[in-house]
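K.L.:
One structure, pasted below without further comment.
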Amino acid sequence: MDILLGFLVCLAAYLLGSVSFAVLGARLFRLADPRTYGSGNPGATNVLRSGNKKAALFTLTGDTLKGVFAVLIVRALDFPELVVGLVGLAAFIGHVYPVFLKFQGGKGVATAGGVLLALAPLVGLASLATWLLVVFVSRYSSLAAVIAGISAPLWGLLFLGLHSGAAIALLLGATLIARHRNNIQRLLAGTESRVGGRGQKTED
């Protein structure tokens with residue numbers, strides 16, 4: 001029964017993660033579907049390309065909070081920390097591979113950040129600070145996501161040691177890097193767009 005219950009809460013977290021706030025925001029603010037312009041990615045950065053900052057903020061907030069709530073609700077129900085971590089991972093996977101969007105979701109940066117902030121606040125804050133620093137210095141959102149993905153498990157080991165939370169940070173970070181493989185290729189080729197810039201398509 002415990003295994004079944006754990007599976008059910010992970011499934012519920014996956015379905016929560018599958019809710020696309022980019023698509024919901026587009027409908028709420030009467031914008032084009034974010035999958036039809038820019039990078040085609042249903043995420044906050046691409047929504048910002050519509051010129052509607054409120055819609056982008058709505059997307060960013062929603063994508064972050066679904067990661068936060070998934071972890072906090074299950075922790076409040078007194079599930080073991082391993083299950084709590086798996087629930088956070090399930091919410092993240094739901095965002096990246098959402099059943100409601102035929103498994104074509106976003107890159108997962110905001111949702112991963114929400115999961116880490118709720119699961120292990122120090123790891124989440126350190127990863128967020130890493131992302132912000134790289135964006136500020138380089139003006140590349142994708143580069144910041146990749147470096148934050150690399151740093152997350154390192155911060156996990158530093159603050160948590162050999163703990164399930166560090167393992168979850170490793171899985172989140174590895175998936176983020178994999179999801180940004182096209183961006184990495186453009187960064188190496190020098191064709192990736194900077195934050196606020198114009199020109200080449202980006203997938204963020």
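Identifiers in the structure tokens: chain A, B, ... in order shown; residue index from 1 per chain; ligand index from 1 in order shown.
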Hey, what's within 8 Å of Gly67 in chain A if we count only C-alpha atoms and toss same-chain stuff fewer than 6 positions away? As number ranges by chain, please?
P.N.:
A: 17, 88, 91-92, 111-115, 118
K.L.:
Limited to N, CA and C atoms, could you put the picked residues into a file as a PDB file, in the first residue's frame?
P.N.:
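What follows is the written file part18.pdb:
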ATOM      1  N   GLY A  17       2.591  19.067 -12.874  1.00  0.00           N
ATOM      2  CA  GLY A  17       3.681  19.603 -13.676  1.00  0.00           C
ATOM      3  C   GLY A  17       3.313  19.744 -15.141  1.00  0.00           C
ATOM      4  N   GLY A  88       8.936  15.816  -6.419  1.00  0.00           N
ATOM      5  CA  GLY A  88       9.488  17.005  -7.073  1.00  0.00           C
ATOM      6  C   GLY A  88      10.005  16.686  -8.463  1.00  0.00           C
ATOM      7  N   ALA A  91       7.053  16.258 -10.853  1.00  0.00           N
ATOM      8  CA  ALA A  91       6.488  17.542 -11.283  1.00  0.00           C
ATOM      9  C   ALA A  91       7.347  18.163 -12.383  1.00  0.00           C
ATOM     10  N   PHE A  92       8.652  18.064 -12.224  1.00  0.00           N
ATOM     11  CA  PHE A  92       9.582  18.586 -13.230  1.00  0.00           C
ATOM     12  C   PHE A  92       9.434  17.830 -14.555  1.00  0.00           C
ATOM     13  N   THR A 111      10.585  25.386 -13.181  1.00  0.00           N
ATOM     14  CA  THR A 111      10.033  24.311 -12.367  1.00  0.00           C
ATOM     15  C   THR A 111      11.127  23.621 -11.558  1.00  0.00           C
ATOM     16  N   ALA A 112      12.276  23.393 -12.160  1.00  0.00           N
ATOM     17  CA  ALA A 112      13.401  22.811 -11.430  1.00  0.00           C
ATOM     18  C   ALA A 112      13.807  23.717 -10.272  1.00  0.00           C
ATOM     19  N   GLY A 113      13.817  25.029 -10.525  1.00  0.00           N
ATOM     20  CA  GLY A 113      14.145  25.975  -9.459  1.00  0.00           C
ATOM     21  C   GLY A 113      13.150  25.903  -8.322  1.00  0.00           C
ATOM     22  N   GLY A 114      11.861  25.802  -8.661  1.00  0.00           N
ATOM     23  CA  GLY A 114      10.838  25.689  -7.633  1.00  0.00           C
ATOM     24  C   GLY A 114      10.988  24.429  -6.805  1.00  0.00           C
ATOM     25  N   VAL A 115      11.280  23.317  -7.477  1.00  0.00           N
ATOM     26  CA  VAL A 115      11.479  22.048  -6.779  1.00  0.00           C
ATOM     27  C   VAL A 115      12.650  22.153  -5.811  1.00  0.00           C
ATOM     28  N   ALA A 118      12.020  24.353  -2.678  1.00  0.00           N
ATOM     29  CA  ALA A 118      11.172  23.717  -1.672  1.00  0.00           C
ATOM     30  C   ALA A 118      11.845  22.499  -1.040  1.00  0.00           C
TER      31      ALA A 118
END
K.L.:
At a cut-off of 9 Å, using only C-alpha atoms, what residues contact Gly94 in chain A? Leave out same-chain residues fewer than 6 positions from it and give the result as a PyMOL selection string.
P.N.:
chain A and resi 13-19+103+105
K.L.:
Export C-alpha atoms of the chosen residues as a PDB file, in the first residue's frame?
P.N.:
ATOM      1  CA  ALA A  13       2.690  15.628  -9.185  1.00  0.00           C
ATOM      2  CA  TYR A  14       3.366  14.685 -12.799  1.00  0.00           C
ATOM      3  CA  LEU A  15      -0.119  15.834 -13.807  1.00  0.00           C
ATOM      4  CA  LEU A  16       0.372  19.090 -11.901  1.00  0.00           C
ATOM      5  CA  GLY A  17       3.681  19.603 -13.676  1.00  0.00           C
ATOM      6  CA  SER A  18       1.971  18.947 -17.009  1.00  0.00           C
ATOM      7  CA  VAL A  19      -0.175  22.059 -16.613  1.00  0.00           C
ATOM      8  CA  PHE A 103       4.814  15.392 -24.268  1.00  0.00           C
ATOM      9  CA  GLY A 105       6.951  20.796 -22.930  1.00  0.00           C
TER      10      GLY A 105
END
K.L.:
Tell me, in Å to one decimal, how far CA of Ser50 in chain A is from CA of Lys107 in chain A.
P.N.:
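Distance between the two atoms: 18.1 Å.
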K.L.:
Pick out the residues sitting within 9 Å of Gly124 in chain A, and hand them over as a list of chain:residue names; count only C-alpha atoms, and ignore anything fewer than 2 positions along from it in its own chain.
P.N.:
A:Ala112, A:Gly113, A:Gly114, A:Val115, A:Leu116, A:Leu117, A:Ala118, A:Leu119, A:Ala120, A:Pro121, A:Leu122, A:Ala126, A:Ser127, A:Leu128, A:Ala129, A:Ala152, A:Trp155, A:Gly156
K.L.:
Which residue out of A:Phe58, A:Phe69, A:Phe159, A:Phe7 has the minimum interatomic distance to Ala26 in chain A when only C-alpha atoms are used?
P.N.:
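The closest residue to Ala26 in chain A is A:Phe58.
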K.L.:
So the first atom is CA of Ser164 in chain A and the second is CA of Asp63 in chain A; what is the distance between them in Å, to one decimal place?
P.N.:
23.1 Å
K.L.:
To one decimal place, how far is CA of Gly40 in chain A from CA of Lys53 in chain A in Å?
P.N.:
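One can read the CA of Gly40 in chain A to CA of Lys53 in chain A distance as 17.4 Å.
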